[in-house]
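What follows is a short report on a single structure.
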Amino acid sequence: MKSITKNLVVFGIIFAIFGCASNQNISANQNSSVSITSNLSTTASVADRPTGFASVGASENFGGYGKPVYTVSTREDLINKAKAGNCIIYIDGMIDITEGMLPSSGKTSTEKLDNFIKSNTAGKTISASSYSEWKKIYAANVKSTEDESGNIQTVRKALQNAWKKQIQVAIGSNTTIIGLGNNSGIKGGTISINKVQNVAIRNLFIQDAFDPFPKMEGGDGYNAEWDCVVIDNSKNIWIDHCTFEDTICLTDKDFDVAAPSDGNTSKNKWQTYDGLLDVKNASDYVTISYCLFRNHDKTTILGSGDNVTTDEGHLKVTFNNNYYLNCTQRLPRVRYGQVHIYNNYYDTDGKGRTNSYCLGVGYNAKIYAEGNYFGTGISKASTMMSSSKPGKIYATNNKNYSGVSSTSVGWNPNDLYSYTTLSPEEAKVDVIANAGAGKLTIVQ
């Protein structure tokens with residue numbers, strides 16, 4: 001395989017700043033005169049090294065470089081190869097991890113999903129012949145968190161465990177997964193990066209981590225379980241040039257509501273999505289770069305809870321040059337983490353969700369935010385989350401930043417790894433042009 005000597009992110013940024021000779025001239029938008037003349041490399045290879053925090057302590061053969069190479073196009077091949085790890089996996093085309101069970105909207109079903117529910121409840125204390133019937137049964141039995149018990153809880157857990165077995169793609173250590181071409185990835189699945197290290201996920205469309213079996217949660221109605229990607233107790237993880245998005249429910253109005261069939265008028269939103277990308281349980285040295293996050297509510301959370309004290313001193317994560325479009329909140333929300341957020345672009349376009357806030361400064365967070373651009377559709381650049389131990393954010397050289405800023409958060413990314421920033425205006429142009437899947441030519 002051909003080795004790429006340029007670092008995709010760092011060198012691309014340097015070229016953008018100094019206006020090197022270009023193959024493309026990018027205009028930010030009709031209301032801006034800012035432009036970048038850039039020869040940012042749009043090629044990618046398994047030989048590329050991670051950037052940001054993911055580069056700290058990364059192995060010489062990061063992501064399984066030099067290990068066996070496979071090309072997959074089916075759910076079975078992807079799951080088997082990914083779980084084994086120690087390999088390079090190219091995904092060719094979009095793989096439906098649900099194998100036809102994913103509905104076309106939040107208010108409909110499919111014949112295969114109905115059959116899945118029928119077969120997995122047959123002979124149990126509570127049975128349902130369709131997805132619609134399951135919603136009515138669950139809503140009739142569970143009106144509060146106290147009702148999530150007994151037979152209904154047992155059956156829901158059985159359904160959820162069967163669904164997890166269908167949709168979970170577990171990744172082994174020393175693995176790189178890359179999408180081929182401009183339209184490769186997965187839909188309807190959840191990528192689990194759990195207790196592993198040295199993993200790269202690049203150039204993938206990752207869509208609709210759908211959960212048809214949400215459970216009642218206090219203050220949140222019927223709430224989903226699965227995320228598109230979960231990084232759990234892992235280190236040296238690089239997520240680069242991926243598109244995370246909902247395509248089924250673009251707003252809350254697209255979710256169904258579940259109401260008891262006994263005439264009770266109480267209704268709860270039937271939420272089939274949780275997060276797009278979460279990082280938790282003492283994960284470390286993670287970089288999320290040049291990704292597009294689109295059409296989602298609870299987008300990214302770092303840290304599972306204020307009481308998860310084992311996260312203290314961990315959750316070292318870099319977010320750089322990402323594009324958040326029509327995302328409501330948690331971009332990201334941070335507990336404990338030592339998090340570097342730079343050159344990201346946040347905006348809405350009036351065609352999907354509205355924004356409530358971007359950066360959530362949670363329990364003992366230590367956020368260093370610089371060179372980010374917050375668009376006109378953003379309600380608040382940052383917000384302090386209620387906490388007995390408030391976090392801190394140092395914000396510098398951001399465009400349209402609205403929020404608090406500390407004089408120091410006790411650390412500086414310049415002391416830990418090398419990087420170069422664009423101005424917020426340059427970052428906006430760069431991100432619009434280059435963030436997301438389908439922007440890279442893969443060199444095998």
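Order determines the names: the first chain of the structure tokens is A, the second B, and so forth; residues in each chain are numbered 1 upward, and ligands are numbered 1 upward as they are shown.
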From range 227-408 of chain A, collect each residue whose DSSP state is strand (DSSP E) and return the set as number ranges by chain.
A: 229-232, 235-240, 243-245, 256-258, 268-270, 277-280, 284-289, 292-298, 301-302, 316-320, 323-329, 333-334, 338-342, 345-347, 359-361, 366-370, 373-374, 382-384, 392-396
Show me a table, sorted first by chain and then by increasing residue number, of the residues of range 296-403 of chain A having an atom at most 12 Å from range 205-226 of chain A, each with its shortest atom pair and the distance in Å to one decimal, counting only C-alpha atoms and written as JSON lines.
{"residue": "A:His296", "atom": "CA", "partner": "A:Asp208", "partner_atom": "CA", "distance": 10.0}
{"residue": "A:Lys298", "atom": "CA", "partner": "A:Ala224", "partner_atom": "CA", "distance": 10.9}
{"residue": "A:Thr299", "atom": "CA", "partner": "A:Ala209", "partner_atom": "CA", "distance": 12.0}
Print the selection's residues with C-alpha atoms to a file, as a JSON list (two decimals), in the first residue's frame.
[["chain", "number", "residue", "atom", "x", "y", "z"],
["A", 296, "HIS", "CA", -29.53, 15.24, 15.52],
["A", 298, "LYS", "CA", -28.26, 14.71, 21.76],
["A", 299, "THR", "CA", -25.15, 14.60, 19.59]]
Practice problem: Between A:Asn183, A:Ser104, A:Ser234, A:Thr251, single out the one closest to Asn281 in chain A, counting only C-alpha atoms. | Solution: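 For Asn281 in chain A, the nearest of the given residues is A:Ser234.
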Using only C-alpha atoms, the shortest atom-to-atom distance to Ser406 in chain A among A:Cys249, A:Ile393, A:Val431, A:Val443 belongs to A:Ile393
Within 9 Å of Ala427 in chain A, counting only C-alpha atoms, which residues show up once you throw out same-chain ones fewer than 5 positions away? Write them as a tab-separated table (two decimals) with N, CA and C atoms, in the first residue's frame, please.
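Saved the output as part_16.tsv:
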chain	number	residue	atom	x	y	z
A	13	ILE	N	-4.07	22.21	6.85
A	13	ILE	CA	-4.31	23.49	7.50
A	13	ILE	C	-3.18	24.47	7.21
A	321	ASN	N	-11.98	20.79	13.25
A	321	ASN	CA	-12.44	20.93	11.86
A	321	ASN	C	-13.67	20.08	11.56
A	342	TYR	N	-11.18	22.92	18.48
A	342	TYR	CA	-10.70	24.02	17.66
A	342	TYR	C	-11.12	23.88	16.20
A	343	ASN	N	-11.33	25.05	15.57
A	343	ASN	CA	-11.62	25.17	14.14
A	343	ASN	C	-12.84	24.36	13.70
A	344	ASN	N	-13.85	24.27	14.57
A	344	ASN	CA	-15.11	23.64	14.20
A	344	ASN	C	-16.12	24.70	13.75
A	345	TYR	N	-17.10	24.29	12.97
A	345	TYR	CA	-18.13	25.20	12.48
A	345	TYR	C	-19.50	24.68	12.88
A	371	GLY	N	-10.60	29.25	17.89
A	371	GLY	CA	-10.72	29.30	16.44
A	371	GLY	C	-11.98	28.68	15.89
A	372	ASN	N	-13.05	28.60	16.69
A	372	ASN	CA	-14.30	28.02	16.23
A	372	ASN	C	-15.22	29.11	15.68
A	373	TYR	N	-16.11	28.72	14.77
A	373	TYR	CA	-17.06	29.66	14.18
A	373	TYR	C	-18.48	29.21	14.53
A	421	THR	N	-3.70	26.26	13.86
A	421	THR	CA	-5.10	26.68	13.73
A	421	THR	C	-5.28	27.64	12.56
A	422	LEU	N	-6.47	27.60	11.99
A	422	LEU	CA	-6.94	28.61	11.06
A	422	LEU	C	-7.69	29.69	11.86
A	432	ILE	N	-16.66	23.51	5.62
A	432	ILE	CA	-17.74	23.31	4.65
A	432	ILE	C	-17.24	22.50	3.45
Expressed in Å, the length from CA of Ser386 in chain A to CA of Gly410 in chain A is 21.1 Å
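Nearest residue to Ser45 in chain A, choosing from A:Val142, A:Asp240, A:Ala58, A:Glu245 and counting only C-alpha atoms: A:Asp240.
If you measure from each of A:Tyr138, A:Tyr394, A:Trp238, A:Tyr346 to Ala200 in chain A using only C-alpha atoms, the closest one turns out to be A:Trp238.
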Shortest contact to Asp246 in chain A, candidates A:Leu315, A:Ala140, A:Cys327, A:Val199, atoms counted only C-alpha atoms, goes to A:Cys327
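As for CA of Leu440 in chain A and CA of Ile191 in chain A, they are spaced 21.2 Å apart.
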Selection: 8 Å around Ala282 in chain A, only C-alpha atoms, excl. self and same-chain fewer than 6 positions, as a ChimeraX atom specification:
/A:232-234,303,310-312,314-315
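Across A:Thr176, A:Ser408, A:Thr287, A:Asn364, the tightest approach to Thr309 in chain A is made by A:Asn364 when counting only C-alpha atoms.
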Item to check | range 91-98 of chain A environment, 6 Å, only C-alpha atoms, sequence neighbours closer than 3 positions dropped, as a count of residues only | outcome: 15
